[in-house]
>>> print(open('my_file25.csv').read())   # CSV, C-alpha atoms
chain,number,residue,atom,x,y,z
A,1,MET,CA,163.9,-50.3,104.6
A,2,ASN,CA,164.1,-47.7,101.9
A,3,CYS,CA,165.2,-44.3,103.4
A,4,ILE,CA,165.5,-40.7,102.4
A,5,ILE,CA,167.3,-37.9,104.2
A,6,ILE,CA,166.0,-34.3,104.2
A,7,ASP,CA,168.4,-31.8,105.8
A,8,ASP,CA,169.7,-28.5,104.5
A,9,GLU,CA,173.1,-29.2,106.1
A,10,ALA,CA,175.6,-31.2,104.2
A,11,MET,CA,177.4,-32.3,107.4
A,12,ALA,CA,174.2,-33.9,108.8
A,13,ARG,CA,173.5,-35.6,105.5
A,14,ALA,CA,177.1,-37.0,105.4
A,15,ILE,CA,176.8,-38.4,108.9
A,16,ILE,CA,173.4,-39.9,108.5
A,17,THR,CA,174.5,-41.4,105.1
A,18,GLN,CA,177.4,-43.1,106.8
A,19,MET,CA,175.3,-44.5,109.6
A,20,ILE,CA,172.7,-45.9,107.1
A,21,SER,CA,175.5,-47.6,105.2
A,22,LYS,CA,176.4,-49.6,108.2
A,23,ASP,CA,173.0,-51.3,108.5
A,24,PRO,CA,172.4,-53.8,105.7
A,25,GLU,CA,168.6,-53.6,106.2
A,26,LEU,CA,168.7,-49.9,105.4
A,27,LYS,CA,169.0,-48.6,101.8
A,28,LEU,CA,169.4,-44.9,101.1
A,29,ALA,CA,167.3,-44.0,98.1
A,30,GLN,CA,167.9,-40.3,97.9
A,31,GLU,CA,169.1,-37.3,100.0
A,32,PHE,CA,167.6,-33.8,99.8
A,33,SER,CA,168.8,-30.4,101.0
A,34,ASN,CA,165.2,-29.1,101.1
A,35,ALA,CA,161.7,-30.5,101.4
A,36,ILE,CA,160.1,-29.5,98.1
A,37,PRO,CA,162.1,-31.9,95.8
A,38,ALA,CA,161.5,-34.6,98.4
A,39,ILE,CA,157.8,-34.1,98.0
A,40,LYS,CA,158.2,-34.6,94.3
A,41,PHE,CA,160.3,-37.7,94.8
A,42,LEU,CA,157.8,-39.3,97.2
A,43,ASN,CA,155.0,-38.5,94.7
A,44,GLN,CA,156.8,-40.5,92.0
A,45,ASP,CA,158.3,-43.1,94.4
A,46,SER,CA,157.3,-46.5,93.0
A,47,ALA,CA,159.6,-48.5,95.4
A,48,GLY,CA,158.0,-47.0,98.5
A,49,THR,CA,159.9,-45.1,101.1
A,50,ASP,CA,159.8,-46.7,104.6
A,51,LEU,CA,161.8,-44.2,106.6
A,52,ILE,CA,162.6,-40.5,106.5
A,53,PHE,CA,165.4,-38.8,108.4
A,54,LEU,CA,164.0,-35.3,108.6
A,55,ASP,CA,165.5,-32.0,109.9
A,56,ILE,CA,163.0,-29.6,111.5
A,57,HIS,CA,164.6,-26.3,111.0
A,58,MET,CA,165.0,-25.6,107.2
A,59,PRO,CA,164.5,-22.5,105.2
A,60,ASP,CA,161.0,-21.9,103.9
A,61,PHE,CA,159.5,-25.2,104.8
A,62,THR,CA,159.9,-26.9,108.2
A,63,GLY,CA,160.0,-30.6,108.9
A,64,PHE,CA,156.5,-30.3,110.5
A,65,ASP,CA,155.2,-28.5,107.4
A,66,PHE,CA,156.5,-31.4,105.3
A,67,ILE,CA,154.8,-34.0,107.5
A,68,GLN,CA,151.5,-32.2,107.3
A,69,THR,CA,151.8,-32.1,103.5
A,70,ILE,CA,152.1,-35.9,103.2
A,71,LYS,CA,149.2,-38.3,103.5
A,72,ASN,CA,150.1,-41.6,105.2
A,73,PRO,CA,153.6,-40.6,105.9
A,74,PRO,CA,156.2,-43.4,106.5
A,75,ALA,CA,158.2,-43.6,109.7
A,76,VAL,CA,160.0,-40.4,110.4
A,77,ILE,CA,163.1,-39.8,112.6
A,78,LEU,CA,163.5,-36.1,113.4
A,79,ILE,CA,167.1,-35.0,113.5
A,80,THR,CA,167.5,-31.4,114.7
A,81,SER,CA,169.6,-29.0,116.7
A,82,ASP,CA,166.5,-27.7,118.3
A,83,LYS,CA,165.4,-29.3,121.6
A,84,ASN,CA,162.2,-27.3,121.8
A,85,PHE,CA,160.0,-29.3,119.5
A,86,ALA,CA,160.0,-32.6,121.3
A,87,THR,CA,156.5,-32.0,122.6
A,88,ASP,CA,155.2,-31.1,119.2
A,89,ALA,CA,156.7,-34.3,117.8
A,90,PHE,CA,154.3,-36.4,120.0
A,91,GLU,CA,151.4,-35.0,118.0
A,92,TYR,CA,152.4,-37.1,115.0
A,93,ASP,CA,152.0,-40.9,115.0
A,94,CYS,CA,154.6,-41.2,112.2
A,95,ILE,CA,157.4,-39.7,114.3
A,96,VAL,CA,159.2,-42.6,115.9
A,97,ASP,CA,162.1,-40.8,117.4
A,98,TYR,CA,163.7,-37.3,117.9
A,99,ILE,CA,167.4,-37.0,117.9
A,100,VAL,CA,169.2,-33.8,118.9
A,101,LYS,CA,172.4,-33.1,116.9
A,102,PRO,CA,175.2,-34.1,117.1
A,103,ILE,CA,174.2,-37.6,116.3
A,104,THR,CA,176.1,-40.4,118.0
A,105,GLU,CA,176.1,-44.0,116.7
A,106,ASP,CA,174.4,-45.4,119.8
A,107,ARG,CA,171.6,-42.9,119.5
A,108,PHE,CA,171.2,-43.5,115.8
A,109,LEU,CA,171.0,-47.3,116.4
A,110,ARG,CA,168.3,-46.8,119.1
A,111,ALA,CA,166.2,-44.7,116.7
A,112,ILE,CA,166.6,-47.4,113.9
A,113,ARG,CA,165.4,-50.1,116.3
A,114,LYS,CA,162.3,-47.9,117.0
A,115,ALA,CA,161.7,-47.4,113.3
A,116,LYS,CA,161.9,-51.1,112.6
A,117,ALA,CA,159.5,-51.9,115.5
A,118,HIS,CA,157.1,-49.2,114.1
A,119,ARG,CA,157.0,-50.8,110.7
A,120,VAL,CA,153.8,-52.7,110.2
A,121,PRO,CA,153.4,-55.0,107.2
A,122,GLU,CA,151.1,-53.4,104.7
A,123,PRO,CA,148.2,-55.3,103.2
A,124,ALA,CA,148.7,-56.3,99.6
A,125,GLY,CA,147.9,-53.4,97.3
A,126,ALA,CA,148.0,-50.8,100.0
A,127,ALA,CA,149.2,-47.4,98.9
A,128,THR,CA,152.6,-46.1,100.0
A,129,ALA,CA,153.1,-42.5,101.1
A,130,SER,CA,151.3,-40.2,98.9
A,131,VAL,CA,151.8,-36.6,98.7
A,132,ALA,CA,150.1,-33.3,98.3
A,133,ALA,CA,151.0,-33.0,94.6
A,134,VAL,CA,147.7,-33.5,93.0
A,135,PRO,CA,147.8,-32.0,89.6
A,136,ALA,CA,144.4,-30.6,90.0
A,137,PRO,CA,143.4,-27.0,90.1
A,138,ALA,CA,144.9,-25.8,93.3
A,139,ALA,CA,142.9,-22.8,94.3
A,140,ALA,CA,139.6,-24.2,93.2
A,141,PRO,CA,136.2,-23.7,94.6
A,142,VAL,CA,135.6,-20.0,95.1
A,143,PRO,CA,132.2,-20.0,93.5
A,144,GLN,CA,132.5,-18.6,90.0
A,145,ASP,CA,130.0,-15.9,90.7
A,146,GLN,CA,131.7,-14.6,93.8
A,147,PRO,CA,133.9,-11.6,93.0
A,148,LYS,CA,137.4,-12.2,94.3
A,149,ASP,CA,137.3,-9.0,96.3
A,150,THR,CA,134.4,-10.3,98.4
A,151,ALA,CA,135.6,-13.9,98.9
A,152,THR,CA,136.9,-14.6,102.4
A,153,GLU,CA,138.3,-18.0,101.8
A,154,PHE,CA,139.3,-20.5,99.1
A,155,TYR,CA,140.1,-24.2,99.1
A,156,VAL,CA,143.2,-25.9,98.0
A,157,ASN,CA,143.4,-29.5,96.8
A,158,ILE,CA,146.0,-31.3,98.8
A,159,ASP,CA,146.1,-35.0,98.3
A,160,ARG,CA,142.4,-35.3,97.5
A,161,ARG,CA,141.5,-33.3,100.5
A,162,LEU,CA,140.0,-29.8,100.1
A,163,ILE,CA,141.6,-27.6,102.7
A,164,LYS,CA,140.1,-24.2,103.5
A,165,ILE,CA,142.4,-21.3,103.6
A,166,GLU,CA,141.2,-18.0,105.1
A,167,ILE,CA,142.4,-15.3,102.6
A,168,ALA,CA,143.1,-12.8,105.3
A,169,SER,CA,145.4,-15.2,107.2
A,170,ILE,CA,147.7,-15.5,104.2
A,171,ASN,CA,151.0,-13.7,104.7
A,172,VAL,CA,152.9,-14.6,101.5
A,173,VAL,CA,152.6,-16.8,98.5
A,174,GLU,CA,155.9,-17.9,96.8
A,175,ALA,CA,156.3,-19.6,93.5
A,176,LYS,CA,158.6,-22.7,93.7
A,177,GLY,CA,158.9,-24.4,90.4
A,178,ASP,CA,155.7,-26.3,89.7
A,179,TYR,CA,154.4,-25.5,93.2
A,180,ILE,CA,153.3,-22.5,95.2
A,181,HIS,CA,154.1,-22.2,98.8
A,182,ILE,CA,151.3,-20.5,100.8
A,183,LYS,CA,152.4,-19.2,104.1
A,184,THR,CA,149.6,-18.3,106.6
A,185,GLU,CA,149.8,-17.1,110.2
A,186,GLN,CA,149.4,-20.6,111.4
A,187,LYS,CA,150.5,-23.1,108.7
A,188,ASN,CA,152.3,-23.4,105.5
A,189,TYR,CA,151.0,-25.3,102.5
A,190,ILE,CA,152.7,-26.6,99.3
A,191,VAL,CA,150.2,-26.8,96.5
A,192,HIS,CA,150.7,-27.9,92.9
A,193,SER,CA,149.7,-24.6,91.2
A,194,THR,CA,151.0,-21.4,89.8
A,195,LEU,CA,151.3,-17.9,91.1
A,196,LYS,CA,149.0,-16.7,88.3
A,197,LYS,CA,146.2,-19.0,89.3
A,198,ILE,CA,146.2,-18.0,92.9
A,199,GLU,CA,146.6,-14.3,92.0
A,200,GLU,CA,143.2,-14.6,90.4
A,201,LYS,CA,141.7,-15.7,93.7
A,202,LEU,CA,143.2,-13.1,95.9
A,203,PRO,CA,141.6,-9.6,96.3
A,204,ASP,CA,143.6,-6.8,94.8
A,205,THR,CA,142.8,-4.6,97.8
A,206,LEU,CA,144.9,-6.8,100.1
A,207,PHE,CA,147.4,-8.6,97.9
A,208,LEU,CA,150.2,-7.3,95.6
A,209,LYS,CA,152.7,-9.1,93.5
A,210,VAL,CA,155.9,-7.5,94.5
A,211,HIS,CA,158.3,-9.8,92.7
A,212,ARG,CA,158.3,-12.4,89.9
A,213,THR,CA,157.9,-15.2,92.5
A,214,TYR,CA,156.1,-13.4,95.4
A,215,ILE,CA,152.7,-12.2,96.2
A,216,ILE,CA,152.3,-10.5,99.6
A,217,ASN,CA,149.4,-9.5,101.9
A,218,THR,CA,150.1,-5.8,102.2
A,219,LYS,CA,148.3,-5.7,105.6
A,220,LYS,CA,150.9,-8.0,107.0
A,221,ILE,CA,153.9,-5.8,106.3
A,222,ILE,CA,156.0,-5.1,109.3
A,223,ASP,CA,158.6,-2.8,107.6
A,224,ILE,CA,160.0,-1.9,104.2
A,225,GLU,CA,163.6,-1.4,103.5
A,226,ASP,CA,165.0,-0.5,100.1
A,227,ASN,CA,164.1,-3.5,97.9
A,228,SER,CA,162.6,-5.8,100.5
A,229,VAL,CA,159.6,-6.1,102.9
A,230,LEU,CA,159.5,-7.9,106.2
A,231,ILE,CA,156.4,-10.1,106.7
A,232,GLY,CA,156.3,-12.3,109.8
A,233,LYS,CA,159.8,-13.8,109.8
A,234,ASP,CA,160.3,-13.5,106.1
A,235,VAL,CA,162.2,-10.9,104.2
A,236,ILE,CA,160.6,-10.7,100.8
A,237,PRO,CA,162.3,-9.1,97.8
A,238,VAL,CA,160.6,-6.3,96.0
A,239,SER,CA,161.4,-5.7,92.4
A,240,ARG,CA,162.2,-2.2,91.2
A,241,ALA,CA,159.2,-2.2,88.8
A,242,ASN,CA,156.7,-3.1,91.6
A,243,ARG,CA,158.0,-0.8,94.3
A,244,PRO,CA,156.1,2.3,93.2
A,245,GLU,CA,152.8,0.4,93.4
A,246,LEU,CA,153.7,-0.9,96.8
A,247,ILE,CA,154.6,2.6,98.1
A,248,LYS,CA,151.3,3.9,96.6
A,249,ARG,CA,149.3,1.4,98.7
A,250,LEU,CA,150.8,2.6,102.0
A,251,ASN,CA,149.0,4.9,104.3
A,252,MET,CA,151.8,7.3,104.8
A,253,LEU,CA,152.0,9.9,107.6
B,9,MET,CA,187.4,-20.0,125.3
B,10,GLU,CA,187.0,-23.6,124.3
B,11,GLU,CA,189.3,-24.9,121.6
B,12,PRO,CA,187.8,-26.5,118.5
B,13,ASN,CA,188.9,-30.2,118.3
B,14,LEU,CA,188.3,-33.4,116.3
B,15,ASN,CA,187.1,-35.5,119.2
B,16,TYR,CA,183.6,-36.1,117.9
B,17,ILE,CA,184.8,-36.6,114.3
B,18,ASN,CA,187.4,-39.1,115.4
B,19,GLU,CA,185.0,-41.0,117.5
B,20,LEU,CA,182.4,-41.1,114.7
B,21,ALA,CA,184.9,-42.1,112.0
B,22,GLY,CA,186.9,-44.6,114.1
B,23,ASP,CA,189.3,-46.3,111.7
B,24,ASP,CA,187.5,-45.0,108.6
B,25,ASN,CA,189.9,-42.5,107.3
B,26,ASP,CA,187.9,-41.9,104.1
B,27,PHE,CA,184.8,-40.9,106.2
B,28,ARG,CA,187.0,-38.7,108.4
B,29,ALA,CA,188.2,-36.9,105.2
B,30,VAL,CA,184.6,-36.5,104.0
B,31,LEU,CA,183.6,-34.8,107.2
B,32,ILE,CA,186.6,-32.5,107.2
B,33,GLY,CA,186.0,-31.7,103.6
B,34,VAL,CA,182.4,-30.8,104.4
B,35,ILE,CA,183.5,-28.5,107.3
B,36,LYS,CA,186.1,-26.8,105.1
B,37,ASN,CA,183.5,-26.2,102.3
B,38,GLU,CA,180.4,-25.5,104.3
B,39,LEU,CA,181.6,-23.4,107.2
B,40,PRO,CA,183.0,-20.4,105.3
B,41,ALA,CA,179.7,-20.1,103.3
B,42,GLU,CA,177.6,-20.4,106.4
B,43,ILE,CA,179.7,-17.7,108.2
B,44,ASN,CA,179.5,-15.4,105.2
B,45,GLU,CA,175.8,-15.7,105.0
B,46,TYR,CA,175.4,-15.0,108.8
B,47,GLN,CA,177.6,-11.9,108.5
B,48,ASP,CA,175.7,-10.6,105.5
B,49,ASN,CA,172.4,-11.0,107.2
B,50,LEU,CA,173.6,-9.4,110.4
B,51,ALA,CA,175.1,-6.5,108.5
B,52,ALA,CA,171.7,-6.1,106.7
B,53,GLN,CA,169.9,-6.4,110.1
B,54,ASN,CA,168.0,-9.4,108.9
B,55,PHE,CA,167.8,-10.7,112.4
B,56,ASN,CA,165.6,-13.7,111.9
B,57,ALA,CA,167.7,-14.8,108.9
B,58,ALA,CA,170.9,-14.3,111.0
B,59,ALA,CA,169.2,-16.4,113.8
B,60,ASP,CA,168.6,-19.2,111.3
B,61,ASN,CA,172.3,-19.0,110.3
B,62,VAL,CA,173.4,-19.3,113.9
B,63,HIS,CA,171.0,-22.2,114.3
B,64,LYS,CA,172.7,-24.0,111.5
B,65,LEU,CA,176.1,-23.2,112.8
B,66,LYS,CA,175.3,-24.8,116.1
B,67,HIS,CA,175.7,-28.2,114.6
B,68,LYS,CA,179.2,-27.3,113.4
B,69,ILE,CA,180.0,-26.0,116.9
B,70,SER,CA,179.1,-29.4,118.4
B,71,VAL,CA,180.8,-31.3,115.6
B,72,MET,CA,184.0,-29.4,116.5
B,73,GLY,CA,183.5,-30.6,120.1
B,74,MET,CA,182.7,-27.2,121.8
B,75,GLU,CA,179.9,-28.0,124.2
B,76,GLN,CA,180.0,-24.8,126.2
B,77,SER,CA,180.1,-22.7,123.0
B,78,TYR,CA,177.0,-24.5,121.8
B,79,TYR,CA,175.1,-22.9,124.6
B,80,LEU,CA,176.5,-19.5,123.8
B,81,ALA,CA,175.3,-19.9,120.3
B,82,GLU,CA,171.9,-21.0,121.5
B,83,LYS,CA,171.6,-17.8,123.7
B,84,PHE,CA,172.8,-15.6,120.8
B,85,GLU,CA,170.3,-17.2,118.4
B,86,ASN,CA,167.5,-16.4,120.9
B,87,ASN,CA,168.8,-12.8,121.2
B,88,LEU,CA,168.7,-12.4,117.5
B,89,LYS,CA,165.1,-13.6,117.4
B,90,GLU,CA,164.4,-10.7,119.8
B,91,ARG,CA,166.3,-8.4,117.4
B,92,SER,CA,169.1,-8.0,120.0
B,93,THR,CA,172.8,-8.4,119.1
B,94,GLN,CA,173.9,-9.1,122.7
B,95,LEU,CA,176.7,-11.7,122.6
B,96,GLN,CA,177.6,-10.8,119.0
B,97,ALA,CA,181.2,-10.1,120.0
B,98,GLU,CA,181.6,-13.4,121.8
B,99,PHE,CA,180.0,-15.3,119.0
B,100,GLY,CA,182.3,-13.5,116.5
B,101,GLN,CA,185.3,-14.7,118.5
B,102,LEU,CA,183.9,-18.3,118.4
B,103,LEU,CA,183.5,-18.1,114.6
B,104,MET,CA,187.1,-16.9,114.2
B,105,ALA,CA,188.4,-19.8,116.3
B,106,MET,CA,186.3,-22.2,114.2
B,107,GLN,CA,187.5,-20.7,110.9
B,108,GLY,CA,191.1,-20.8,112.0
B,109,PHE,CA,190.8,-24.4,113.0
B,110,ALA,CA,189.0,-25.4,109.8
B,111,ALA,CA,191.7,-23.8,107.8
B,112,SER,CA,194.4,-25.7,109.6
B,113,LEU,CA,192.8,-29.1,108.9
>>> encode(input="my_file25.csv", output="structure tokens")
Amino acid sequence: MNCIIIDDEAMARAIITQMISKDPELKLAQEFSNAIPAIKFLNQDSAGTDLIFLDIHMPDFTGFDFIQTIKNPPAVILITSDKNFATDAFEYDCIVDYIVKPITEDRFLRAIRKAKAHRVPEPAGAATASVAAVPAPAAAPVPQDQPKDTATEFYVNIDRRLIKIEIASINVVEAKGDYIHIKTEQKNYIVHSTLKKIEEKLPDTLFLKVHRTYIINTKKIIDIEDNSVLIGKDVIPVSRANRPELIKRLNML
Amino acid sequence: MEEPNLNYINELAGDDNDFRAVLIGVIKNELPAEINEYQDNLAAQNFNAAADNVHKLKHKISVMGMEQSYYLAEKFENNLKERSTQLQAEFGQLLMAMQGFAASL
């Protein structure tokens, strides 16, 4: 089974790597300290990944966000310090086990047995895991004649599915290399697009580019301190050049 | 307070001294950076970021064999999410003990 590890902690990756090396049926293809390069890897993965060891609690993009981004995900073993997500894990057919750190060898072996049992031979020519990295226009079908200040939603193209995003629900959009990370109140999405493209779809009355890599929904600001704003759980940097415009937008007492 | 120890690492590595050395190397490299990041976030009152740092440190706490301290960290992580620093002093002592132990390895 071809495996990858996604965990922001080097200690966890070292332990999982060692345990994988003891099972001749397992082959570690790659390890990642965050989910975004793993998405790129899966998108170009010709050998096919059979099993993902996945941390839940990672900066920016959780393990659950990652699973939701993948179409036809392979078997996933969640490995986490958080006991509170076990119930959520049952919502996903691909999750075969849930290990709470620290990992013991017995517990790891039990999880591997479940992953092997979960593995179903694919019919010839079947696609392996494919990912939300469709190089199509990301923020596409707001009708061309609809001004962006009156549009209430747009669609993103994720793995050939058009997913509706309510504009007012967006907290933050962050540029991450060739992708943008759209954080809404409920979910996060990784889309193959640019900040410039999504900026064209977002109403100026609500959204402001506060940094080279961030656009924020100004209605979602909780507080502002020096060169940063707090939105939800995220502290977003504000560049010096954009700060005056941000302050101008505030309804000050 | 519990003393940090190598029980978990020794059990995991068995006779594999190279793997034991890898794990100890990771602790020595990763722990100071994680503690610095936590302290910076706490000083800046970035409570959610500090809670994330504590969350990550929990694994090191368990790797260092401190089961009771793990629960202290869990409570402190939850306090930080509520923007409370209750248990900060106790957690600080725990970090000092871990740093001292890591430096002695």
>>> closest_residue(input="my_file25.csv", among="A:Phe108, A:Phe64, A:Phe41, A:Tyr92", to="chain B", atoms="all atoms listed in the file")
A:Phe108
>>> closest_residue(input="my_file25.csv", among="B:Asn54, B:Ser112, B:Asn87, B:Ser92", to="Ile32 (chain B)", atoms="all atoms listed in the file")
B:Ser112
>>> closest_atom_pairs(input="my_file25.csv", of="chain A", to="chain B", cutoff="12 Å", atoms="all atoms listed in the file", output="JSON lines")
{"residue": "A:Asp7", "atom": "CA", "partner": "B:Lys64", "partner_atom": "CA", "distance": 10.6}
{"residue": "A:Asp8", "atom": "CA", "partner": "B:Lys64", "partner_atom": "CA", "distance": 8.8}
{"residue": "A:Glu9", "atom": "CA", "partner": "B:Lys64", "partner_atom": "CA", "distance": 7.5}
{"residue": "A:Ala10", "atom": "CA", "partner": "B:Val34", "partner_atom": "CA", "distance": 6.8}
{"residue": "A:Met11", "atom": "CA", "partner": "B:Val34", "partner_atom": "CA", "distance": 6.0}
{"residue": "A:Ala12", "atom": "CA", "partner": "B:His67", "partner_atom": "CA", "distance": 8.3}
{"residue": "A:Arg13", "atom": "CA", "partner": "B:Val34", "partner_atom": "CA", "distance": 10.2}
{"residue": "A:Ala14", "atom": "CA", "partner": "B:Leu31", "partner_atom": "CA", "distance": 7.1}
{"residue": "A:Ile15", "atom": "CA", "partner": "B:Leu31", "partner_atom": "CA", "distance": 7.9}
{"residue": "A:Ile16", "atom": "CA", "partner": "B:Leu20", "partner_atom": "CA", "distance": 11.0}
{"residue": "A:Thr17", "atom": "CA", "partner": "B:Phe27", "partner_atom": "CA", "distance": 10.4}
{"residue": "A:Gln18", "atom": "CA", "partner": "B:Phe27", "partner_atom": "CA", "distance": 7.7}
{"residue": "A:Met19", "atom": "CA", "partner": "B:Leu20", "partner_atom": "CA", "distance": 9.4}
{"residue": "A:Ser21", "atom": "CA", "partner": "B:Phe27", "partner_atom": "CA", "distance": 11.5}
{"residue": "A:Lys22", "atom": "CA", "partner": "B:Ala21", "partner_atom": "CA", "distance": 12.0}
{"residue": "A:Asp55", "atom": "CA", "partner": "B:Lys64", "partner_atom": "CA", "distance": 10.9}
{"residue": "A:Ile56", "atom": "CA", "partner": "B:Lys64", "partner_atom": "CA", "distance": 11.2}
{"residue": "A:His57", "atom": "CA", "partner": "B:Asp60", "partner_atom": "CA", "distance": 8.2}
{"residue": "A:Met58", "atom": "CA", "partner": "B:Asp60", "partner_atom": "CA", "distance": 8.4}
{"residue": "A:Pro59", "atom": "CA", "partner": "B:Asp60", "partner_atom": "CA", "distance": 8.1}
{"residue": "A:Asp60", "atom": "CA", "partner": "B:Asp60", "partner_atom": "CA", "distance": 10.9}
{"residue": "A:Ile79", "atom": "CA", "partner": "B:His67", "partner_atom": "CA", "distance": 11.0}
{"residue": "A:Thr80", "atom": "CA", "partner": "B:His67", "partner_atom": "CA", "distance": 8.8}
{"residue": "A:Ser81", "atom": "CA", "partner": "B:His67", "partner_atom": "CA", "distance": 6.5}
{"residue": "A:Asp82", "atom": "CA", "partner": "B:His63", "partner_atom": "CA", "distance": 8.2}
{"residue": "A:Lys83", "atom": "CA", "partner": "B:Glu82", "partner_atom": "CA", "distance": 10.5}
{"residue": "A:Asn84", "atom": "CA", "partner": "B:Glu82", "partner_atom": "CA", "distance": 11.6}
{"residue": "A:Val100", "atom": "CA", "partner": "B:His67", "partner_atom": "CA", "distance": 9.6}
{"residue": "A:Lys101", "atom": "CA", "partner": "B:His67", "partner_atom": "CA", "distance": 6.3}
{"residue": "A:Pro102", "atom": "CA", "partner": "B:Ser70", "partner_atom": "CA", "distance": 6.2}
{"residue": "A:Ile103", "atom": "CA", "partner": "B:Leu20", "partner_atom": "CA", "distance": 9.1}
{"residue": "A:Thr104", "atom": "CA", "partner": "B:Leu20", "partner_atom": "CA", "distance": 7.1}
{"residue": "A:Glu105", "atom": "CA", "partner": "B:Leu20", "partner_atom": "CA", "distance": 7.2}
{"residue": "A:Asp106", "atom": "CA", "partner": "B:Leu20", "partner_atom": "CA", "distance": 10.4}
{"residue": "A:Arg107", "atom": "CA", "partner": "B:Leu20", "partner_atom": "CA", "distance": 12.0}
{"residue": "A:Phe108", "atom": "CA", "partner": "B:Leu20", "partner_atom": "CA", "distance": 11.5}
{"residue": "A:Asp223", "atom": "CA", "partner": "B:Asn54", "partner_atom": "CA", "distance": 11.6}
{"residue": "A:Ile224", "atom": "CA", "partner": "B:Asn54", "partner_atom": "CA", "distance": 11.9}
{"residue": "A:Glu225", "atom": "CA", "partner": "B:Ala52", "partner_atom": "CA", "distance": 9.9}
{"residue": "A:Asp226", "atom": "CA", "partner": "B:Ala52", "partner_atom": "CA", "distance": 10.9}
{"residue": "A:Asn227", "atom": "CA", "partner": "B:Ala52", "partner_atom": "CA", "distance": 11.9}
{"residue": "A:Ser228", "atom": "CA", "partner": "B:Asn54", "partner_atom": "CA", "distance": 10.6}
{"residue": "A:Val229", "atom": "CA", "partner": "B:Asn54", "partner_atom": "CA", "distance": 10.8}
{"residue": "A:Leu230", "atom": "CA", "partner": "B:Asn54", "partner_atom": "CA", "distance": 9.0}
{"residue": "A:Ile231", "atom": "CA", "partner": "B:Asn56", "partner_atom": "CA", "distance": 11.2}
{"residue": "A:Gly232", "atom": "CA", "partner": "B:Asn56", "partner_atom": "CA", "distance": 9.6}
{"residue": "A:Lys233", "atom": "CA", "partner": "B:Asn56", "partner_atom": "CA", "distance": 6.2}
{"residue": "A:Asp234", "atom": "CA", "partner": "B:Asn56", "partner_atom": "CA", "distance": 7.9}
{"residue": "A:Val235", "atom": "CA", "partner": "B:Asn54", "partner_atom": "CA", "distance": 7.6}
{"residue": "A:Ile236", "atom": "CA", "partner": "B:Asn54", "partner_atom": "CA", "distance": 11.0}
>>> atom_distance(input="my_file25.csv", atom1="CA of Leu113 (chain B)", atom2="CA of Ala29 (chain B)")
9.8 Å
>>> atom_distance(input="my_file25.csv", atom1="CA of Cys94 (chain A)", atom2="CA of Ala75 (chain A)")
5.0 Å
>>> residues_around(input="my_file25.csv", residues="region 113-116 of chain A", least_positions_apart="5", cutoff="8 Å", atoms="all atoms listed in the file", output="ChimeraX atom specification")
/A:51,75-77,96-97
>>> atom_distance(input="my_file25.csv", atom1="CA of Thr87 (chain A)", atom2="CA of Pro37 (chain A)")
27.4 Å
>>> residues_around(input="my_file25.csv", residues="Glu10 (chain B)", least_positions_apart="2", cutoff="10 Å", atoms="only C-alpha atoms", output="ChimeraX atom specification")
/B:12-13,73-77,102,105
>>> residues_around(input="my_file25.csv", residues="Cys3 (chain A)", least_positions_apart="5", cutoff="9 Å", atoms="all atoms listed in the file", output="list in words")
Ile20, Leu26, Lys27, Leu28, Ala29, Gln30, Glu31, Thr49, Asp50, Leu51, Ile52 and Phe53 of chain A
>>> residues_near_point(input="my_file25.csv", point="(139.3, -18.9, 99.8)", cutoff="7 Å", atoms="all atoms listed in the file", output="PyMOL selection string")
chain A and resi 142+151-155+164-167
>>> decode(input="my_file25.csv", residues="region 29-37 of chain B", atoms="N, CA and C atoms", output="mmCIF file, in the first residue's frame")
data_model
loop_
_atom_site.group_PDB
_atom_site.id
_atom_site.type_symbol
_atom_site.label_atom_id
_atom_site.label_comp_id
_atom_site.auth_asym_id
_atom_site.auth_seq_id
_atom_site.Cartn_x
_atom_site.Cartn_y
_atom_site.Cartn_z
ATOM 1 N N ALA B 29 17.795 7.889 18.699
ATOM 2 C CA ALA B 29 18.550 9.132 18.466
ATOM 3 C C ALA B 29 17.752 10.110 17.594
ATOM 4 N N VAL B 30 17.021 9.550 16.620
ATOM 5 C CA VAL B 30 16.186 10.414 15.764
ATOM 6 C C VAL B 30 15.135 11.129 16.611
ATOM 7 N N LEU B 31 14.461 10.365 17.464
ATOM 8 C CA LEU B 31 13.383 10.958 18.276
ATOM 9 C C LEU B 31 13.934 12.012 19.237
ATOM 10 N N ILE B 32 15.063 11.695 19.851
ATOM 11 C CA ILE B 32 15.659 12.672 20.771
ATOM 12 C C ILE B 32 16.096 13.925 19.997
ATOM 13 N N GLY B 33 16.626 13.716 18.810
ATOM 14 C CA GLY B 33 17.013 14.849 17.967
ATOM 15 C C GLY B 33 15.814 15.727 17.625
ATOM 16 N N VAL B 34 14.681 15.084 17.335
ATOM 17 C CA VAL B 34 13.472 15.861 17.008
ATOM 18 C C VAL B 34 13.032 16.672 18.228
ATOM 19 N N ILE B 35 13.060 16.046 19.401
ATOM 20 C CA ILE B 35 12.677 16.779 20.622
ATOM 21 C C ILE B 35 13.581 17.997 20.806
ATOM 22 N N LYS B 36 14.867 17.783 20.675
ATOM 23 C CA LYS B 36 15.814 18.877 20.923
ATOM 24 C C LYS B 36 15.644 20.006 19.900
ATOM 25 N N ASN B 37 15.284 19.638 18.677
ATOM 26 C CA ASN B 37 15.106 20.659 17.633
ATOM 27 C C ASN B 37 13.750 21.341 17.726
#
